[in-house]
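Asker: So here's query-v2.txt, just compact mmCIF, C-alpha atoms:
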```txt
# COMPACT_ATOMS: atom_id res chain seq x y z
CA ALA A 1 50.64 56.33 21.82
CA VAL A 2 49.81 56.80 18.13
CA ASP A 3 53.48 56.58 17.19
CA VAL A 4 54.01 53.42 19.23
CA ALA A 5 50.96 51.81 17.58
CA GLY A 6 52.32 52.51 14.10
CA GLY A 7 50.15 55.54 13.43
CA ALA A 8 52.76 57.12 11.18
CA GLU A 9 51.46 54.93 8.36
CA VAL A 10 47.89 56.20 8.59
CA LYS A 11 46.14 59.55 8.91
CA ALA A 12 45.19 59.99 12.55
CA THR A 13 43.19 62.93 13.88
CA LEU A 14 43.65 63.58 17.60
CA ALA A 15 40.85 64.97 19.75
CA ALA A 16 40.25 65.54 23.46
CA GLU A 17 36.80 66.31 24.84
CA ALA A 18 35.34 66.95 28.29
CA GLY A 19 32.06 65.35 29.34
CA ASP A 20 30.38 62.03 29.88
CA PRO A 21 32.50 59.43 28.04
CA VAL A 22 29.62 57.40 26.63
CA ALA A 23 27.60 60.37 25.39
CA THR A 24 30.70 62.04 23.95
CA ILE A 25 31.84 58.92 22.08
CA VAL A 26 28.37 58.30 20.64
CA ASP A 27 27.95 61.97 19.67
CA GLN A 28 31.33 61.94 17.90
CA ALA A 29 30.41 58.75 16.05
CA VAL A 30 27.13 60.23 14.86
CA GLY A 31 28.65 63.59 13.93
CA MET A 32 31.55 62.06 12.01
CA ARG A 33 29.41 59.30 10.47
CA VAL A 34 32.05 56.77 11.41
CA ASP A 35 32.05 53.24 10.00
CA LEU A 36 33.60 51.62 13.07
CA ILE A 37 34.37 52.36 16.72
CA VAL A 38 37.43 50.59 18.17
CA MET A 39 37.66 50.39 21.96
CA GLY A 40 39.70 48.52 24.52
CA THR A 41 37.99 46.65 27.35
CA HIS A 42 39.29 46.51 30.91
CA GLY A 43 38.22 42.94 31.50
CA ARG A 44 36.74 43.81 34.91
CA SER A 45 33.96 41.78 36.44
CA GLY A 46 32.01 41.46 39.64
CA PHE A 47 29.47 43.44 41.62
CA ASP A 48 30.92 46.88 40.80
CA ARG A 49 30.68 46.20 37.10
CA PHE A 50 27.11 44.93 37.48
CA LEU A 51 26.08 48.19 39.18
CA LEU A 52 28.00 50.68 37.07
CA GLY A 53 28.73 48.95 33.79
CA SER A 54 31.76 49.76 31.67
CA VAL A 55 32.07 52.54 29.13
CA ALA A 56 32.62 49.97 26.39
CA GLU A 57 29.44 48.08 27.26
CA LYS A 58 27.34 51.23 27.41
CA VAL A 59 28.69 52.38 24.05
CA LEU A 60 27.93 48.89 22.77
CA ARG A 61 24.23 49.45 23.50
CA LYS A 62 24.02 52.95 22.03
CA ALA A 63 26.49 53.19 19.15
CA PRO A 64 25.10 53.79 15.64
CA CYS A 65 27.75 51.62 13.98
CA PRO A 66 29.69 48.38 14.54
CA ILE A 67 32.13 48.28 17.47
CA LEU A 68 35.43 46.41 17.65
CA THR A 69 36.36 45.69 21.27
CA VAL A 70 39.90 44.58 22.06
CA PRO A 71 40.62 42.82 25.38
CA PRO A 72 43.72 43.74 27.39
CA HIS A 73 45.30 40.30 26.86
CA ALA A 74 44.85 40.22 23.07
CA PRO A 75 48.10 39.66 21.14
CA VAL A 76 49.93 42.89 20.29
CA MET A 77 50.39 43.27 16.54
CA ALA A 78 51.74 45.96 14.25
CA PRO A 79 49.27 47.29 11.65
CA THR A 80 51.03 45.36 8.89
CA ASP A 81 50.79 42.09 10.86
CA VAL A 82 47.05 42.10 11.49
CA ALA A 83 45.53 38.99 9.91
CA LEU A 84 42.03 37.63 10.38
CA ARG A 85 42.44 34.05 9.26
CA ARG A 86 39.97 32.39 11.60
CA ILE A 87 36.64 34.13 12.24
CA LEU A 88 33.92 32.82 14.54
CA CYS A 89 30.39 34.03 13.84
CA PRO A 90 27.75 32.95 16.40
CA ILE A 91 24.30 32.76 14.80
CA ASP A 92 21.00 32.69 16.70
CA PHE A 93 19.07 33.63 13.52
CA SER A 94 18.14 37.05 14.94
CA PRO A 95 18.34 40.03 12.52
CA SER A 96 21.54 41.36 14.09
CA SER A 97 23.28 37.97 13.89
CA LEU A 98 22.37 37.73 10.20
CA GLN A 99 23.77 41.22 9.72
CA ALA A 100 26.97 40.09 11.46
CA LEU A 101 27.25 37.16 9.07
CA GLY A 102 27.69 39.54 6.14
CA PHE A 103 30.56 41.28 7.92
CA ALA A 104 32.19 37.95 8.80
CA LEU A 105 32.06 36.70 5.21
CA ASP A 106 33.43 39.97 3.82
CA LEU A 107 36.34 40.00 6.28
CA ALA A 108 37.15 36.36 5.59
CA GLN A 109 37.11 36.96 1.84
CA GLN A 110 39.51 39.90 2.20
CA GLY A 111 41.91 37.89 4.35
CA GLN A 112 41.40 34.55 2.57
CA GLY A 113 40.35 33.10 5.89
CA ILE A 114 37.80 30.68 7.25
CA VAL A 115 34.45 31.48 8.89
CA THR A 116 32.92 29.14 11.44
CA LEU A 117 29.19 29.60 11.92
CA LEU A 118 28.21 28.50 15.42
CA HIS A 119 24.69 27.93 16.70
CA VAL A 120 24.16 27.07 20.35
CA ILE A 121 21.06 25.18 21.44
CA GLU A 122 20.32 26.24 25.01
CA TRP A 123 17.13 24.23 25.52
CA LEU A 124 17.32 20.83 27.29
CA THR A 125 20.93 21.32 28.31
CA GLU A 126 20.77 19.85 31.81
CA GLU A 127 21.35 16.27 32.89
CA GLU A 128 19.68 13.74 30.66
CA PRO A 129 16.16 13.00 31.96
CA ARG A 130 14.51 9.66 31.63
CA THR A 131 12.98 8.98 28.24
CA SER A 132 9.22 8.73 28.55
CA PRO A 133 7.06 6.68 26.20
CA ASP A 134 5.66 9.89 24.76
CA PHE A 135 8.80 12.02 24.41
CA ASN A 136 12.35 11.01 23.51
CA VAL A 137 14.67 13.82 24.61
CA SER A 138 17.77 12.50 22.83
CA GLU A 139 15.90 12.11 19.58
CA PHE A 140 14.48 15.62 19.83
CA ARG A 141 17.94 17.05 20.50
CA ARG A 142 19.18 15.27 17.39
CA HIS A 143 16.31 16.78 15.39
CA LEU A 144 17.11 20.29 16.68
CA THR A 145 20.79 19.86 15.83
CA GLU A 146 20.15 18.64 12.29
CA ASP A 147 17.64 21.42 11.68
CA ALA A 148 20.12 24.05 12.90
CA HIS A 149 22.84 22.69 10.58
CA GLN A 150 20.46 22.97 7.62
CA ARG A 151 19.45 26.52 8.55
CA LEU A 152 23.09 27.58 8.90
CA ARG A 153 24.04 26.14 5.52
CA SER A 154 21.07 27.83 3.86
CA LEU A 155 22.41 31.23 4.95
CA ILE A 156 25.59 31.00 2.88
CA PRO A 157 25.38 32.48 -0.64
CA GLY A 158 26.65 30.10 -3.29
CA ASP A 159 29.43 32.44 -4.44
CA ALA A 160 30.70 33.00 -0.89
CA ARG A 161 32.14 29.49 -0.63
CA SER A 162 34.28 30.12 -3.70
CA ARG A 163 35.94 33.11 -2.05
CA CYS A 164 36.48 31.83 1.50
CA ALA A 165 36.11 28.66 3.53
CA VAL A 166 32.92 28.29 5.57
CA GLU A 167 32.10 25.63 8.15
CA ASP A 168 29.14 25.23 10.48
CA ALA A 169 28.90 23.88 14.01
CA VAL A 170 25.98 23.23 16.36
CA VAL A 171 26.51 22.61 20.07
CA ILE A 172 24.34 22.34 23.17
CA GLY A 173 25.02 24.46 26.25
CA ARG A 174 25.01 28.02 27.54
CA ALA A 175 25.55 30.35 24.60
CA HIS A 176 28.31 32.60 25.95
CA ARG A 177 30.28 29.68 27.39
CA GLU A 178 30.14 27.68 24.18
CA ILE A 179 31.14 30.72 22.10
CA ILE A 180 34.20 31.36 24.26
CA ARG A 181 35.05 27.65 24.27
CA ALA A 182 34.86 27.49 20.47
CA ALA A 183 36.95 30.63 20.10
CA VAL A 184 39.72 29.13 22.23
CA ALA A 185 39.57 25.71 20.59
CA ASN A 186 39.73 27.19 17.07
CA GLN A 187 42.41 29.79 17.95
CA THR A 188 40.00 32.41 16.67
CA ASP A 189 41.40 35.76 15.54
CA LEU A 190 38.04 37.56 15.63
CA ILE A 191 34.51 36.94 16.88
CA VAL A 192 31.80 38.66 14.82
CA MET A 193 28.34 38.70 16.40
CA GLY A 194 25.11 40.64 16.58
CA ALA A 195 24.47 43.13 19.37
CA GLN A 196 20.85 42.17 19.92
CA GLY A 197 20.01 38.51 20.12
CA ARG A 198 16.75 36.76 20.80
CA GLY A 199 15.46 37.42 24.30
CA GLY A 200 13.42 39.74 26.46
CA VAL A 201 13.66 41.83 29.59
CA ASP A 202 16.11 39.37 31.18
CA LEU A 203 18.79 40.64 28.79
CA ALA A 204 18.45 44.16 30.13
CA LEU A 205 18.57 42.94 33.73
CA PHE A 206 21.31 40.35 33.63
CA GLY A 207 23.35 41.10 30.54
CA SER A 208 23.10 39.66 27.05
CA THR A 209 25.16 36.90 25.50
CA THR A 210 27.02 39.55 23.51
CA GLN A 211 28.00 41.47 26.64
CA GLN A 212 29.21 38.30 28.34
CA VAL A 213 31.29 37.34 25.30
CA VAL A 214 32.82 40.83 25.11
CA ARG A 215 33.79 40.56 28.78
CA ALA A 216 35.35 37.11 28.56
CA ALA A 217 36.79 36.85 25.04
CA GLY A 218 40.53 36.49 24.63
CA CYS A 219 40.41 37.91 21.10
CA PRO A 220 38.82 41.03 19.58
CA VAL A 221 35.04 41.02 19.15
CA LEU A 222 33.26 42.87 16.35
CA THR A 223 29.71 43.69 17.45
CA VAL A 224 27.16 44.48 14.73
CA ARG A 225 23.74 45.99 15.26
CA GLY A 226 20.75 44.80 13.27
```
Please, can you express the file's structure as structure tokens?

Answerer:
Amino acid sequence: AVDVAGGAEVKATLAAEAGDPVATIVDQAVGMRVDLIVMGTHGRSGFDRFLLGSVAEKVLRKAPCPILTVPPHAPVMAPTDVALRRILCPIDFSPSSLQALGFALDLAQQGQGIVTLLHVIEWLTEEEPRTSPDFNVSEFRRHLTEDAHQRLRSLIPGDARSRCAVEDAVVIGRAHREIIRAAVANQTDLIVMGAQGRGGVDLALFGSTTQQVVRAAGCPVLTVRG
């Protein structure tokens, strides 16, 4: 497998261990002080996955370092052909998403690519209600959108724009759906996002936006902890 993947050009250490996969992977990462874990995802979904969870998703919650997950239908590339020209970085202004932004900018600068910062407004996303004399929903949505654009632009260091292209986008909808939609529309090579977004106990019960994106993405996803 290493030879087929082009491993002759890099130094690869092979190891086989017995035990619980998640615990073993995390222990190895801690012991070796790794900078990055790279894992494939099976792309499974449904009730069985809800009950058991995948190894990749469990490692995602416990790993001490960033994780690059690669879906089964991602384009096959030789090591010399890997290019990250278009990077999508969802931002919910949580600490982990701000940490992910630094990774996205660094990768874009190395590959002379473009970073799209995406913020999704999930509030007031249903069918347009009637405007009352005391509260104009459309106007408030416009205010939220403009404020989010300003906050996104304020995150970009002045020197970053001279080394890579940066654009910002604000949309209204369900976060994971809009992230996947933007990734497809922009022909994204890599999604870079935080592992722990804003939320509460519902994330532990029903899955976080990050987990849903990892499951559904058609491109690799780099997950960064805060």

Asker: Could you check the closest approach to A:Leu101 for each of A:Gly40, A:Gly194, A:Gly6, A:Gly218 and tell me which residue wins, using all atoms listed in the file?

Answerer: A:Gly194

Asker: If you count only C-alpha atoms, which residues fall within 12 Å of A:Pro157, apart from same-chain ones fewer than 6 positions away, as a ChimeraX atom specification?

Answerer: /A:101-102,105-106,163-164,166

Asker: Counting only C-alpha atoms, which of A:His119, A:His143, A:Arg153, A:Lys58 gets nearest to A:Ile172?

Answerer: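 Among the listed residues, A:His119 lies closest to A:Ile172.
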
Asker: Atom CA of A:Leu117 and atom CA of A:Pro95, how far apart in Å?

Answerer: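 It comes out at 15.1 Å.
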
Asker: With distances taken over all atoms listed in the file, which residue among A:Thr116, A:Gln99, A:Thr41, A:Thr209 lies nearest A:His73?

Answerer: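 With all atoms listed in the file as the atom set, the closest residue is A:Thr41.
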
Asker: Do you have the atom CA of A:Asp27-atom CA of A:Gln196 distance handy?

Answerer: 21.0 Å

Asker: Quick one: distance from atom CA of A:Leu84 to atom CA of A:Val70 in Å, one decimal?

Answerer: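 For atom CA of A:Leu84 relative to atom CA of A:Val70, the distance reads 13.8 Å.
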
Asker: For A:Leu14, please output as a list in words all residues within 12 Å (counting all atoms listed in the file; exclusion window: fewer than 5 positions along the same chain).

Answerer: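 Residues meeting the cut-off are Ala1, Val2 and Gly7 of chain A.
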
Asker: Quick one: of A:Lys11, A:Arg161, A:Arg33, A:His176, who's nearest to A:Pro64, counting all atoms listed in the file?

Answerer: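 Nearest candidate to A:Pro64 out of A:Lys11, A:Arg161, A:Arg33, A:His176: A:Arg33.
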
Asker: Check the smallest atom-to-atom distance from each of A:Ala195, A:Val170, A:Val214, A:Leu88 to A:Ala63 using only C-alpha atoms, then report the winner.

Answerer: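 Closest to A:Ala63 of all the choices is A:Ala195.
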
Asker: May I ask which of the residues A:Ala148, A:Val224, A:Cys89, A:Leu155 is the closest one to A:Thr188, counting all atoms listed in the file?

Answerer: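 Checking each candidate against A:Thr188, we get A:Cys89 as the closest.
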